[in-house]
Structure formats: C-alpha cells, structure tokens
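Participant: My structure is in structure08.txt, and what it holds is compact mmCIF, C-alpha atoms and all ligand atoms:
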```txt
# COMPACT_ATOMS: atom_id res chain seq x y z
CA MET A 557 -25.21 -16.46 -4.26
CA PRO A 558 -27.17 -18.99 -2.24
CA ARG A 559 -25.49 -18.34 1.08
CA SER A 560 -26.08 -15.32 3.27
CA PRO A 561 -23.13 -12.96 3.81
CA SER A 562 -22.88 -13.88 7.49
CA GLU A 563 -22.77 -17.59 6.64
CA LEU A 564 -20.15 -16.96 4.00
CA ALA A 565 -18.13 -14.89 6.50
CA LEU A 566 -18.09 -17.82 8.93
CA GLN A 567 -16.91 -20.23 6.25
CA ILE A 568 -14.19 -17.81 5.16
CA ALA A 569 -13.04 -17.40 8.75
CA ASP A 570 -12.93 -21.19 8.90
CA GLY A 571 -10.35 -21.18 6.12
CA ASN A 572 -12.71 -22.62 3.52
CA ARG A 573 -11.02 -21.79 0.21
CA ARG A 574 -14.12 -22.21 -1.91
CA ALA A 575 -15.94 -19.79 0.35
CA LEU A 576 -13.06 -17.34 -0.01
CA ALA A 577 -13.15 -17.64 -3.81
CA ARG A 578 -16.90 -17.13 -3.69
CA GLY A 579 -16.52 -14.09 -1.45
CA ILE A 580 -14.02 -12.55 -3.84
CA THR A 581 -16.36 -13.19 -6.76
CA LEU A 582 -19.03 -11.41 -4.75
CA VAL A 583 -16.89 -8.32 -4.11
CA GLU A 584 -15.87 -8.29 -7.77
CA SER A 585 -19.48 -8.11 -8.90
CA THR A 586 -20.86 -4.74 -9.91
CA ARG A 587 -24.52 -5.76 -9.51
CA ALA A 588 -26.26 -3.49 -7.01
CA ASP A 589 -27.64 -6.35 -4.89
CA HIS A 590 -24.21 -8.02 -4.89
CA ARG A 591 -22.63 -4.76 -3.76
CA GLU A 592 -24.96 -4.77 -0.79
CA GLU A 593 -24.11 -8.37 0.07
CA ALA A 594 -20.42 -7.63 -0.36
CA ALA A 595 -20.70 -4.74 2.07
CA ALA A 596 -22.40 -7.02 4.59
CA LEU A 597 -19.70 -9.65 4.07
CA LEU A 598 -16.91 -7.13 4.67
CA THR A 599 -18.60 -5.84 7.79
CA ALA A 600 -18.91 -9.40 9.07
CA VAL A 601 -15.21 -10.21 8.55
CA MET A 602 -13.77 -6.81 9.51
CA ALA A 603 -12.72 -7.81 13.03
CA ARG A 604 -10.63 -10.62 11.58
CA THR A 605 -8.68 -8.46 9.14
CA GLY A 606 -5.39 -6.60 9.42
CA ALA A 607 -3.06 -9.34 10.61
CA ALA A 608 -1.22 -9.92 7.32
CA VAL A 609 2.00 -8.47 6.05
CA ARG A 610 0.83 -6.58 2.94
CA VAL A 611 3.42 -6.31 0.19
CA GLY A 612 3.04 -4.75 -3.26
CA ILE A 613 5.32 -5.84 -6.09
CA SER A 614 5.41 -3.65 -9.16
CA GLY A 615 7.52 -3.52 -12.28
CA ALA A 616 7.48 -3.47 -16.05
CA PRO A 617 6.01 -6.46 -17.88
CA GLY A 618 8.68 -9.15 -18.08
CA SER A 619 10.75 -7.87 -15.17
CA GLY A 620 10.00 -11.12 -13.36
CA LYS A 621 7.24 -10.24 -10.89
CA SER A 622 5.33 -13.50 -11.17
CA THR A 623 8.51 -15.58 -11.08
CA LEU A 624 9.65 -13.65 -8.01
CA ILE A 625 6.30 -14.04 -6.30
CA GLN A 626 6.43 -17.77 -6.87
CA ALA A 627 9.98 -17.96 -5.45
CA LEU A 628 9.17 -15.73 -2.48
CA GLY A 629 5.83 -17.43 -1.93
CA MET A 630 7.38 -20.90 -1.85
CA ALA A 631 10.06 -19.75 0.61
CA LEU A 632 7.36 -18.27 2.85
CA LEU A 633 5.26 -21.44 2.64
CA ASP A 634 8.31 -23.47 3.62
CA ALA A 635 8.69 -21.21 6.64
CA GLY A 636 5.10 -22.00 7.64
CA HIS A 637 3.32 -18.91 6.34
CA ARG A 638 0.03 -18.87 4.52
CA VAL A 639 0.35 -16.79 1.37
CA ALA A 640 -2.28 -15.06 -0.76
CA VAL A 641 -1.42 -13.54 -4.12
CA LEU A 642 -3.64 -10.95 -5.79
CA ALA A 643 -3.02 -9.13 -9.03
CA ILE A 644 -3.96 -5.70 -10.31
CA ASP A 645 -3.66 -5.35 -14.03
CA PRO A 646 -6.09 -2.84 -15.48
CA SER A 647 -4.49 -3.37 -18.89
CA SER A 648 -5.22 -7.09 -19.03
CA PRO A 649 -7.72 -7.96 -21.73
CA ARG A 650 -10.54 -10.38 -21.02
CA GLY A 651 -9.02 -13.86 -20.72
CA GLY A 652 -5.75 -12.32 -21.86
CA GLY A 653 -2.36 -13.91 -22.25
CA SER A 654 -0.69 -12.23 -19.29
CA ILE A 655 -2.94 -14.06 -16.87
CA LEU A 656 -2.22 -17.39 -18.52
CA GLY A 657 1.48 -16.59 -18.33
CA ASP A 658 1.17 -15.76 -14.65
CA LYS A 659 -0.72 -18.98 -14.00
CA THR A 660 2.11 -21.13 -15.34
CA ARG A 661 4.73 -18.91 -13.69
CA MET A 662 3.00 -19.43 -10.35
CA ASP A 663 1.92 -23.05 -10.83
CA GLU A 664 3.73 -24.33 -7.74
CA LEU A 665 2.05 -21.71 -5.60
CA THR A 666 -1.32 -22.29 -7.20
CA ARG A 667 -1.16 -25.98 -6.30
CA HIS A 668 0.01 -25.46 -2.72
CA PRO A 669 -2.65 -26.02 -0.04
CA ASN A 670 -1.46 -23.03 2.00
CA ALA A 671 -1.41 -20.59 -0.90
CA PHE A 672 -4.21 -18.79 -2.65
CA VAL A 673 -3.64 -17.19 -6.06
CA ARG A 674 -6.21 -14.91 -7.60
CA PRO A 675 -5.57 -13.27 -10.96
CA SER A 676 -6.66 -9.72 -11.63
CA PRO A 677 -10.34 -9.21 -12.29
CA THR A 678 -10.68 -8.44 -15.97
CA GLY A 679 -12.18 -5.30 -17.37
CA GLY A 680 -13.13 -2.15 -15.57
CA THR A 681 -11.24 0.95 -14.62
CA LEU A 682 -8.16 0.99 -12.43
CA GLY A 683 -10.31 2.43 -9.65
CA GLY A 684 -12.78 -0.42 -9.96
CA VAL A 685 -10.13 -3.12 -10.10
CA ALA A 686 -8.29 -1.57 -7.16
CA ARG A 687 -11.41 -1.41 -5.02
CA ARG A 688 -12.09 -5.09 -5.61
CA THR A 689 -8.48 -5.97 -4.82
CA ARG A 690 -8.61 -4.02 -1.54
CA GLU A 691 -11.73 -5.91 -0.56
CA ALA A 692 -10.26 -9.24 -1.68
CA MET A 693 -7.21 -8.53 0.49
CA LEU A 694 -9.42 -8.12 3.56
CA LEU A 695 -11.19 -11.40 2.78
CA CYS A 696 -7.83 -13.18 2.44
CA GLU A 697 -6.79 -11.84 5.83
CA ALA A 698 -10.04 -13.02 7.35
CA ALA A 699 -9.31 -16.46 5.88
CA GLY A 700 -6.06 -16.57 7.83
CA PHE A 701 -3.49 -15.71 5.18
CA ASP A 702 -0.70 -13.93 7.00
CA VAL A 703 1.10 -12.65 3.92
CA VAL A 704 -0.65 -10.93 1.03
CA LEU A 705 1.40 -10.24 -2.09
CA ILE A 706 -0.11 -7.89 -4.67
CA GLU A 707 1.37 -7.95 -8.15
CA THR A 708 0.85 -4.96 -10.36
CA VAL A 709 2.06 -4.04 -13.81
CA GLY A 710 3.99 -0.82 -13.80
CA VAL A 711 1.75 1.16 -16.07
CA GLY A 712 0.13 4.51 -15.43
CA GLN A 713 -1.37 5.02 -12.04
CA SER A 714 -1.37 1.42 -10.87
CA GLU A 715 1.80 1.75 -8.78
CA VAL A 716 0.37 4.69 -6.87
CA THR A 717 -2.82 2.73 -6.31
CA VAL A 718 -1.04 -0.35 -5.00
CA GLU A 719 1.34 1.67 -2.84
CA GLY A 720 -1.82 3.03 -1.26
CA MET A 721 -2.96 -0.39 -0.08
CA VAL A 722 0.20 -2.13 1.16
CA ASP A 723 2.63 -1.88 4.08
CA CYS A 724 5.68 -2.27 1.89
CA PHE A 725 6.03 -1.39 -1.79
CA VAL A 726 8.67 -3.25 -3.78
CA LEU A 727 9.75 -1.95 -7.16
CA LEU A 728 11.16 -4.72 -9.31
CA LEU A 729 13.61 -3.79 -12.02
CA ALA A 730 15.34 -5.92 -14.58
CA PRO A 731 18.50 -4.77 -16.32
CA GLY A 732 18.61 -4.57 -20.07
CA GLY A 733 14.86 -4.20 -20.31
CA GLY A 734 14.74 -0.42 -20.53
CA ASP A 735 14.87 -0.31 -16.76
CA ASP A 736 17.94 1.87 -16.74
CA LEU A 737 17.92 4.93 -14.58
CA GLN A 738 16.69 7.22 -17.35
CA GLY A 739 13.78 4.95 -18.16
CA ILE A 740 12.27 5.00 -14.68
CA LYS A 741 10.23 7.94 -13.60
CA ARG A 742 11.41 9.63 -10.46
CA GLY A 743 7.87 9.60 -9.11
CA ILE A 744 7.82 5.81 -9.14
CA MET A 745 11.19 5.60 -7.42
CA GLU A 746 9.83 7.83 -4.68
CA LEU A 747 7.10 5.28 -3.94
CA ALA A 748 9.48 2.38 -3.42
CA ASP A 749 10.32 1.09 0.04
CA ILE A 750 12.54 -1.54 -1.55
CA VAL A 751 14.06 -1.68 -5.03
CA ALA A 752 14.72 -5.25 -6.13
CA VAL A 753 17.07 -5.58 -9.09
CA ASN A 754 16.15 -8.91 -10.62
CA LYS A 755 17.84 -11.25 -13.10
CA VAL A 756 21.22 -11.01 -11.41
CA ASP A 757 22.28 -14.24 -13.09
CA GLY A 758 23.83 -15.64 -16.25
CA ALA A 759 24.85 -13.20 -18.95
CA LEU A 760 22.93 -10.39 -17.27
CA ALA A 761 24.67 -10.65 -13.91
CA ALA A 762 27.29 -7.96 -14.61
CA VAL A 763 24.77 -5.51 -16.06
CA ALA A 764 22.43 -6.18 -13.16
CA GLU A 765 25.11 -5.40 -10.63
CA THR A 766 25.86 -2.09 -12.33
CA THR A 767 22.14 -1.37 -12.40
CA ALA A 768 21.90 -2.11 -8.68
CA ARG A 769 24.74 0.32 -7.91
CA ASP A 770 23.17 3.01 -10.11
CA TYR A 771 19.93 2.69 -8.19
CA GLU A 772 21.69 2.80 -4.86
CA HIS A 773 23.12 6.17 -5.86
CA ALA A 774 19.82 7.39 -7.25
CA LEU A 775 17.98 6.47 -4.05
CA GLN A 776 20.40 8.62 -2.04
CA LEU A 777 19.06 11.66 -3.83
CA ILE A 778 15.42 10.91 -3.14
CA ARG A 779 13.67 12.26 -0.09
CA PRO A 780 12.45 9.23 1.88
CA LYS A 781 8.70 8.76 2.52
CA THR A 782 9.44 8.54 6.23
CA ALA A 783 12.41 9.45 8.37
CA ALA A 784 12.32 5.92 9.79
CA TRP A 785 13.35 4.16 6.57
CA ARG A 786 15.70 4.79 3.71
CA PRO A 787 14.82 2.66 0.64
CA VAL A 788 17.38 -0.01 -0.18
CA VAL A 789 18.38 -2.05 -3.22
CA VAL A 790 18.23 -5.84 -3.07
CA PRO A 791 19.70 -7.90 -5.92
CA THR A 792 17.69 -11.02 -6.77
CA SER A 793 17.46 -13.86 -9.21
CA ALA A 794 13.89 -15.05 -9.16
CA LEU A 795 14.78 -17.74 -11.67
CA GLU A 796 17.62 -19.20 -9.59
CA ARG A 797 15.87 -18.29 -6.36
CA ARG A 798 18.72 -16.22 -5.03
CA GLY A 799 18.32 -13.09 -2.94
CA ILE A 800 14.81 -14.17 -2.02
CA ASP A 801 15.50 -14.62 1.70
CA GLU A 802 17.34 -11.28 1.70
CA LEU A 803 14.33 -9.64 0.08
CA TRP A 804 12.00 -10.97 2.76
CA ALA A 805 14.46 -10.03 5.50
CA THR A 806 14.38 -6.49 4.07
CA VAL A 807 10.58 -6.44 4.09
CA LEU A 808 10.70 -7.38 7.77
CA ALA A 809 13.47 -4.86 8.49
CA HIS A 810 11.27 -2.17 6.91
CA ARG A 811 8.41 -3.21 9.19
CA GLU A 812 10.65 -3.17 12.21
CA ALA A 813 12.00 0.27 11.30
CA LEU A 814 8.53 1.74 10.86
CA GLY A 815 7.35 0.28 14.13
CA ALA A 816 3.79 -0.53 15.10
CA THR A 817 2.70 3.08 15.49
CA THR A 818 3.86 4.32 12.09
CA LEU A 819 2.52 1.23 10.41
CA ALA A 820 -0.87 1.69 12.05
CA GLN A 821 -0.79 5.31 10.98
CA ARG A 822 0.01 4.35 7.39
CA ARG A 823 -2.85 1.88 7.31
CA GLY A 824 -5.16 4.42 8.91
CA ASP A 825 -4.29 6.98 6.25
CA GLN A 826 -4.86 4.38 3.54
CA ALA A 827 -8.26 3.42 4.95
CA ARG A 828 -9.27 7.08 5.20
CA ALA A 829 -8.22 7.75 1.60
CA TRP A 830 -10.12 4.64 0.51
CA MET A 831 -13.26 5.92 2.22
CA TRP A 832 -13.03 9.31 0.54
CA GLY A 833 -12.42 7.63 -2.79
CA GLU A 834 -15.52 5.51 -2.35
CA LEU A 835 -17.51 8.54 -1.30
CA SER A 836 -16.56 10.62 -4.33
CA GLU A 837 -17.28 7.73 -6.66
CA ALA A 838 -20.66 7.00 -5.10
CA LEU A 839 -21.59 10.66 -5.05
CA LEU A 840 -20.66 11.12 -8.68
CA ASP A 841 -22.69 8.08 -9.52
CA ARG A 842 -25.72 9.55 -7.79
CA VAL A 843 -25.30 12.89 -9.55
CA ARG A 844 -25.13 11.12 -12.90
CA ARG A 845 -28.32 9.22 -12.16
CA ASP A 846 -30.27 12.18 -10.83
CA PRO A 847 -32.76 13.14 -13.60
CA ALA A 848 -32.45 16.92 -13.17
CA ALA A 849 -28.68 16.87 -12.92
CA ALA A 850 -28.35 14.44 -15.81
CA ALA A 851 -30.54 16.57 -18.05
CA LEU A 852 -28.51 19.66 -17.26
CA MET A 853 -25.32 17.66 -17.84
CA ARG A 854 -26.42 16.71 -21.34
CA GLU A 855 -27.30 20.33 -22.03
CA LEU A 856 -24.11 21.83 -20.64
CA GLU A 857 -21.53 19.34 -21.88
CA PRO A 858 -21.57 20.52 -25.52
CA GLU A 859 -21.50 24.13 -24.39
CA VAL A 860 -18.49 23.44 -22.19
CA ALA A 861 -16.81 21.60 -25.05
CA ALA A 862 -17.50 24.53 -27.37
CA GLY A 863 -15.93 26.95 -24.92
CA LEU A 864 -19.20 28.80 -24.30
CA VAL A 865 -19.56 27.97 -20.61
CA PRO A 866 -16.64 27.81 -18.14
CA PRO A 867 -16.29 24.24 -16.77
CA PRO A 868 -16.40 25.34 -13.11
CA THR A 869 -19.64 27.22 -13.74
CA ALA A 870 -21.18 24.17 -15.42
CA ALA A 871 -20.08 21.91 -12.57
CA GLN A 872 -21.60 24.28 -9.99
CA ARG A 873 -24.91 24.46 -11.90
CA ILE A 874 -25.12 20.67 -12.18
CA LEU A 875 -24.43 20.34 -8.46
CA ASP A 876 -27.11 22.92 -7.68
CA ALA A 877 -29.60 21.05 -9.88
CA PHE A 878 -28.72 17.82 -8.03
CA GLY A 879 -29.31 19.29 -4.62
CA SER A 880 -32.62 20.92 -5.45
N1 LIG B 901 17.38 -14.77 -16.22
C1 LIG B 901 16.31 -14.54 -15.47
N2 LIG B 901 15.09 -14.55 -16.03
C2 LIG B 901 14.02 -14.31 -15.25
C3 LIG B 901 14.15 -14.04 -13.87
N3 LIG B 901 12.92 -13.82 -13.35
C4 LIG B 901 12.05 -13.96 -14.38
N4 LIG B 901 12.70 -14.27 -15.52
C5 LIG B 901 12.12 -14.51 -16.85
O1 LIG B 901 11.53 -13.30 -17.33
C6 LIG B 901 10.34 -13.59 -18.05
C7 LIG B 901 9.17 -12.81 -17.47
O2 LIG B 901 8.90 -13.29 -16.16
P1 LIG B 901 7.52 -13.01 -15.42
O3 LIG B 901 7.68 -13.53 -14.04
O4 LIG B 901 6.36 -13.50 -16.20
O5 LIG B 901 7.50 -11.41 -15.41
P2 LIG B 901 6.30 -10.41 -15.06
O6 LIG B 901 5.67 -10.00 -16.35
O7 LIG B 901 6.98 -9.26 -14.39
O8 LIG B 901 5.35 -11.12 -14.15
C8 LIG B 901 10.15 -15.09 -17.99
O9 LIG B 901 10.65 -15.65 -19.17
C9 LIG B 901 10.97 -15.49 -16.79
O10 LIG B 901 11.43 -16.82 -16.87
C10 LIG B 901 15.47 -14.04 -13.29
O11 LIG B 901 15.69 -13.82 -12.11
N5 LIG B 901 16.51 -14.30 -14.16
MG MG B 902 3.27 -11.39 -14.17
```
As structure tokens, please, write out the structure in this file.
Facilitator:
Amino acid sequence: MPRSPSELALQIADGNRRALARGITLVESTRADHREEAAALLTAVMARTGAAVRVGISGAPGSGKSTLIQALGMALLDAGHRVAVLAIDPSSPRGGGSILGDKTRMDELTRHPNAFVRPSPTGGTLGGVARRTREAMLLCEAAGFDVVLIETVGVGQSEVTVEGMVDCFVLLLAPGGGDDLQGIKRGIMELADIVAVNKVDGALAAVAETTARDYEHALQLIRPKTAAWRPVVVPTSALERRGIDELWATVLAHREALGATTLAQRRGDQARAWMWGELSEALLDRVRRDPAAAALMRELEPEVAAGLVPPPTAAQRILDAFGS
C-alpha cells in the first residue's frame, strides 16, 4: 500500500473508485500492519459514514438474490441513487463458481458508473468475513454511495450476522425450491423486516402466490422485532423486474415507520455489539499468543477432552495464567 491511510481516505471521499477498491482490499487484509492502516483509514472516514440506506438480502442459493439485486440496483440507479453491493458468503470456495455466477447476474450493475459491486472475500470464518464487510460498508458510505445492498447466502449464522449490520433485512424466498413454510426455520422468519416471495412469474406464478399467502399468515403469528413495524410479504419477479418498485417502497415504508430515533438506536446497538465482538476476538487472540497461557492451554486441552478437568476450571486457570 503506497498511499497513507489519510491520503486514501481523501481519495475515497472524492468518489475515486480505485481508491475505494484499494481501501476494501486493505480492510480485507489480515496482516498486522495492514490492520493498523485499516483502523487509521476507518477513523479518517468515520465522519462521512452513516448516510446510506443499508439493506440485507438473504435467501437460499438459487432463490434469485443476485438477479433481484441487479433489478433493484438498476431501478435505484435510474432514480439517481448511487448503489454499492457487497456479499457475504462464508461458504464460497476460493475463486468459486457462485461468485462467477453473481458476476454475470449483476453484469449491468457492475458496468454502471454509479454502482460498485464487490464479491465476498474468500476464505476465513463468518466472523472474519462479516467484519470485513462491515468495514467495507463504511468505506462505501464514505465514497458517497447512498444505498448499500448486502447479499448473503442463507446458511448457518450468516443471516443473523447480516441482520446485525443493516437497517432493513429482506428474506427472499422462491416457491418450489424447498422454501415452503416447513422448510424455513422460525428463527430466520423472526429476523425478517420484509419477506420477498420471488419468481412470481411463468409456471411458478400460481405456486408463488400461494406461498406468499402462506407467509402472510405465518408472519401474523410471529412477534415483531419492534412495535413500530409488522413484517410484510412482497411478491416479486426479479427476472421480469416486477414488484421491484414495491419492494423499495416497502423498504422506505419500514424506515419511515421506525423513524429516525429507532433507526439510530438500532444502529447504535449494532455498533456496540460490533465493538464487543471485536474485543472478545482480540482478547482471545492475545490469550492464545501469551506464552504462559498457551502452554497451559496445550497442557489442559487433552485433560478437558478426556473428562479429567471441568472446562470452566480449565478456562479460569488459563485466564489466571494470562493475567499473571
Ligand atoms: N423464473 C424466475 N427465475 C428467476 C427469478 N429470479 C432469479 N431467477 C433465476 O434463478 C436462478 C438463480 O438466480 P440467482 O440470482 O443467481 O440466485 P442467488 O443464488 O439467490 O443469487 C437463475 O437461473 C435466475 O435466472 C425470477 O424472478 N423468476
Ligand atoms: Mg447470488
């Protein structure tokens, strides 16, 4: 990285896309000196962040997330917005096919001068990928993108993670793909601010409409995240670009319903949780690298595994060794 973080921050704030890409590469790096530069970069851009509408879009592979993001993104660009798209896919293999698929699915967006598309960083844990995406989102905001769309594959914990970094969480379902009511975990439904039932077109239209009604009923039974908003179902066809304006209108209605205070509170809670997450990770890292604690860890781990030492006792002893 030839440029200093403060120089890079200025170029990002200037809307320089190459600088933005560079900045994201910097925050994605795990090298210790890069982490320091990344922290300086984030500090430098912080005052310029927060102005975007942050939307998460989650769903099973093949439900149409990338197609929908392209359709929604193009509509937003037409309306004069600047749109950044980030992806979280902890399951994606290095240089894997899903990213290539997404690239062609979002080719129009990728080519548009007012859009910025960044595929998921490959490798690493969900926590690691999520941290980099959070930081990338802030950089995109600093670069003047006023809408950030985060695509995530609905596997494991990734929905919870993305819900924890956006203003509005959209669950995308496609009929006939195992996305019937029984197939979706209640916990995921509870995270959704909006349920979009996609592929309401062609031969699937009738099934999709039934699916949409089923979900409307199911959502009635779920306790809303906030008294201000009851999750709603929006039928879409990403392929035929129908329901896209309605989807965006619903995102804005959700924002309006929450109001500035609740939204600020939500973001504040997210930032606080992010800080504590960082702290526990960093602390654990230090414990692991502390010679005394590490030695004791190696000694105690087999004993814990063999059932000779209670895990809480071992943890306490390692912590004591670390502090001393
Ligand atoms: N019929 C129909 N097919 C769709 C629709 N949206 C996406 N698809 C198709 O579903 C497949 C998976 O789409 P993709 O956007 O890659 O899904 P993702 O894995 O969720 O990102 C592709 O073949 C799309 O063309 C839709 O609204 N209607
Ligand atoms: Mg995709």
Participant: Rank nothing, just name the residue among A:Gly863, A:Arg769, A:Gln713, A:Ala748 nearest to Val611 of chain A, using all atoms listed in the file.
Facilitator: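 Closest to Val611 of chain A of all the choices is A:Ala748.
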Participant: Using all atoms listed in the file, what residues lie at most 10 Å away from (12.8, 5.0, 6.7) (file coordinates), given as an MDAnalysis selection string?
Facilitator: chainID A and resid 749 779:788 810:811 813:814
Participant: Measure the distance from atom CA of Ala848 of chain A to atom CA of Gly879 of chain A in Å and round it to one decimal.
Facilitator: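 Atom-to-atom, atom CA of Ala848 of chain A to atom CA of Gly879 of chain A, that is 9.4 Å.
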Participant: Would you list the contacts of segment 665-668 of chain A as a list in words, taking every protein, DNA or RNA residue within 7 Å and counting all atoms listed in the file, but skipping same-chain residues closer than 2 positions in sequence?
Facilitator: Gln626, Gly629, Met630, Met662, Asp663, Asn670, Ala671, Phe672 and Val673 of chain A
Participant: Env of Asp723 of chain A: 12 Å cut, atoms = only C-alpha atoms, seq-sep filter 3 positions within chain, self excluded. Answer as a PDB file with C-alpha atoms, in the frame of the given file.
Facilitator:
```pdb
ATOM      1  CA  GLY A 606      -5.390  -6.600   9.420  1.00  0.00           C
ATOM      2  CA  ALA A 607      -3.060  -9.340  10.610  1.00  0.00           C
ATOM      3  CA  ALA A 608      -1.220  -9.920   7.320  1.00  0.00           C
ATOM      4  CA  VAL A 609       2.000  -8.470   6.050  1.00  0.00           C
ATOM      5  CA  ARG A 610       0.830  -6.580   2.940  1.00  0.00           C
ATOM      6  CA  VAL A 611       3.420  -6.310   0.190  1.00  0.00           C
ATOM      7  CA  GLY A 612       3.040  -4.750  -3.260  1.00  0.00           C
ATOM      8  CA  ILE A 613       5.320  -5.840  -6.090  1.00  0.00           C
ATOM      9  CA  VAL A 703       1.100 -12.650   3.920  1.00  0.00           C
ATOM     10  CA  VAL A 704      -0.650 -10.930   1.030  1.00  0.00           C
ATOM     11  CA  LEU A 705       1.400 -10.240  -2.090  1.00  0.00           C
ATOM     12  CA  ILE A 706      -0.110  -7.890  -4.670  1.00  0.00           C
ATOM     13  CA  VAL A 718      -1.040  -0.350  -5.000  1.00  0.00           C
ATOM     14  CA  GLU A 719       1.340   1.670  -2.840  1.00  0.00           C
ATOM     15  CA  GLY A 720      -1.820   3.030  -1.260  1.00  0.00           C
ATOM     16  CA  VAL A 726       8.670  -3.250  -3.780  1.00  0.00           C
ATOM     17  CA  LEU A 747       7.100   5.280  -3.940  1.00  0.00           C
ATOM     18  CA  ALA A 748       9.480   2.380  -3.420  1.00  0.00           C
ATOM     19  CA  ASP A 749      10.320   1.090   0.040  1.00  0.00           C
ATOM     20  CA  ILE A 750      12.540  -1.540  -1.550  1.00  0.00           C
ATOM     21  CA  VAL A 807      10.580  -6.440   4.090  1.00  0.00           C
ATOM     22  CA  LEU A 808      10.700  -7.380   7.770  1.00  0.00           C
ATOM     23  CA  HIS A 810      11.270  -2.170   6.910  1.00  0.00           C
ATOM     24  CA  ARG A 811       8.410  -3.210   9.190  1.00  0.00           C
ATOM     25  CA  GLU A 812      10.650  -3.170  12.210  1.00  0.00           C
ATOM     26  CA  LEU A 814       8.530   1.740  10.860  1.00  0.00           C
ATOM     27  CA  GLY A 815       7.350   0.280  14.130  1.00  0.00           C
ATOM     28  CA  ALA A 816       3.790  -0.530  15.100  1.00  0.00           C
ATOM     29  CA  THR A 818       3.860   4.320  12.090  1.00  0.00           C
ATOM     30  CA  LEU A 819       2.520   1.230  10.410  1.00  0.00           C
ATOM     31  CA  ALA A 820      -0.870   1.690  12.050  1.00  0.00           C
ATOM     32  CA  GLN A 821      -0.790   5.310  10.980  1.00  0.00           C
ATOM     33  CA  ARG A 822       0.010   4.350   7.390  1.00  0.00           C
ATOM     34  CA  ARG A 823      -2.850   1.880   7.310  1.00  0.00           C
ATOM     35  CA  GLY A 824      -5.160   4.420   8.910  1.00  0.00           C
ATOM     36  CA  ASP A 825      -4.290   6.980   6.250  1.00  0.00           C
ATOM     37  CA  GLN A 826      -4.860   4.380   3.540  1.00  0.00           C
TER      38      GLN A 826
END
```
Participant: Could the residues that lie within 7 Å of ligand LIG 901 (chain B), counting all atoms listed in the file, be listed as a list in words?
Facilitator: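 These are the residues that qualify: Gly615, Ala616, Pro617, Gly618, Ser619, Gly620, Lys621, Ser622, Thr623, Leu624, Gly657, Asp658, Arg661, Asn754, Lys755, Val756, Asp757, Gly758, Thr792, Ser793, Ala794, Leu795 and Glu796 of chain A.
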Participant: Can you work out which one of A:Val641, A:Leu803, A:Ala871, A:Leu856 has the shortest atom-to-atom distance to ligand MG 902 (chain B), counting all atoms listed in the file?
Facilitator: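 Closest residue, counting all atoms listed in the file: A:Val641.
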Participant: When you count all atoms listed in the file, which of these residues is closest to ligand MG 902 (chain B): A:Thr586, A:Thr681, A:Thr581, A:Thr708?
Facilitator: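 Answer, going by the shortest atom-to-atom distance: A:Thr708.
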Participant: Please determine the residues with any atom at most 8 Å from (-30.1, 16.7, -11.4) (coordinates as given in the file, with all atoms listed in the file counting) and report them as a PDB file with C-alpha atoms, in the frame of the given file.
Facilitator:
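Saved as selection.pdb:
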```pdb
ATOM      1  CA  VAL A 843     -25.300  12.890  -9.550  1.00  0.00           C
ATOM      2  CA  ARG A 844     -25.130  11.120 -12.900  1.00  0.00           C
ATOM      3  CA  ARG A 845     -28.320   9.220 -12.160  1.00  0.00           C
ATOM      4  CA  ASP A 846     -30.270  12.180 -10.830  1.00  0.00           C
ATOM      5  CA  PRO A 847     -32.760  13.140 -13.600  1.00  0.00           C
ATOM      6  CA  ALA A 848     -32.450  16.920 -13.170  1.00  0.00           C
ATOM      7  CA  ALA A 849     -28.680  16.870 -12.920  1.00  0.00           C
ATOM      8  CA  ALA A 850     -28.350  14.440 -15.810  1.00  0.00           C
ATOM      9  CA  ALA A 851     -30.540  16.570 -18.050  1.00  0.00           C
ATOM     10  CA  LEU A 852     -28.510  19.660 -17.260  1.00  0.00           C
ATOM     11  CA  ILE A 874     -25.120  20.670 -12.180  1.00  0.00           C
ATOM     12  CA  LEU A 875     -24.430  20.340  -8.460  1.00  0.00           C
ATOM     13  CA  ASP A 876     -27.110  22.920  -7.680  1.00  0.00           C
ATOM     14  CA  ALA A 877     -29.600  21.050  -9.880  1.00  0.00           C
ATOM     15  CA  PHE A 878     -28.720  17.820  -8.030  1.00  0.00           C
ATOM     16  CA  GLY A 879     -29.310  19.290  -4.620  1.00  0.00           C
ATOM     17  CA  SER A 880     -32.620  20.920  -5.450  1.00  0.00           C
TER      18      SER A 880
END
```
Participant: Between A:Ala730, A:Leu582, A:Asp702, A:Val601, single out the one closest to Gly636 of chain A, counting all atoms listed in the file.
Facilitator: A:Asp702
Participant: Could you work out how far atom CA of Thr605 of chain A lies from atom CA of Gly700 of chain A, giving the answer in Å with one decimal?
Facilitator: 8.6 Å
Participant: What is the atom CA of Glu802 of chain A-atom CA of Ala692 of chain A distance in Å, reported with one decimal?
Facilitator: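 Computing it gives 27.9 Å between the two atoms.
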Participant: Go through A:Arg687, A:Arg873, A:Gly743, A:Glu715 one by one, measure the shortest atom-to-atom distance of each to Gly833 of chain A using all atoms listed in the file, and give the residue with the smallest value.
Facilitator: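 Smallest distance to Gly833 of chain A is found for A:Arg687.
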Participant: Taking all atoms listed in the file into account, which of A:Pro561, A:Gly579, A:Gly710, A:Pro677 comes nearest ligand MG 902 (chain B)?
Facilitator: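 Ranking A:Pro561, A:Gly579, A:Gly710, A:Pro677 by distance to ligand MG 902 (chain B), first place goes to A:Gly710.
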Participant: Centre and edge lengths, as JSON, for the axis-aligned box enclosing every listed atom of segment 564-570 of chain A with 6 Å of padding on each of the six sides, in Å to one decimal?
Facilitator:
```
{"center_x": -16.5, "center_y": -18.0, "center_z": 6.5, "size_x": 19.2, "size_y": 18.3, "size_z": 16.9}
```
Participant: Excluding segment 567-576 of chain A and its own-chain neighbours fewer than 2 positions away, which residues fall within 8 Å of it when counting all atoms listed in the file? Please give them as a PDB file with C-alpha atoms, in the frame of the given file.
Facilitator:
```
ATOM      1  CA  GLU A 563     -22.770 -17.590   6.640  1.00  0.00           C
ATOM      2  CA  LEU A 564     -20.150 -16.960   4.000  1.00  0.00           C
ATOM      3  CA  ALA A 565     -18.130 -14.890   6.500  1.00  0.00           C
ATOM      4  CA  ARG A 578     -16.900 -17.130  -3.690  1.00  0.00           C
ATOM      5  CA  GLY A 579     -16.520 -14.090  -1.450  1.00  0.00           C
ATOM      6  CA  ILE A 580     -14.020 -12.550  -3.840  1.00  0.00           C
ATOM      7  CA  VAL A 601     -15.210 -10.210   8.550  1.00  0.00           C
ATOM      8  CA  ARG A 604     -10.630 -10.620  11.580  1.00  0.00           C
ATOM      9  CA  PHE A 672      -4.210 -18.790  -2.650  1.00  0.00           C
ATOM     10  CA  LEU A 695     -11.190 -11.400   2.780  1.00  0.00           C
ATOM     11  CA  CYS A 696      -7.830 -13.180   2.440  1.00  0.00           C
ATOM     12  CA  ALA A 698     -10.040 -13.020   7.350  1.00  0.00           C
ATOM     13  CA  ALA A 699      -9.310 -16.460   5.880  1.00  0.00           C
ATOM     14  CA  GLY A 700      -6.060 -16.570   7.830  1.00  0.00           C
TER      15      GLY A 700
END
```
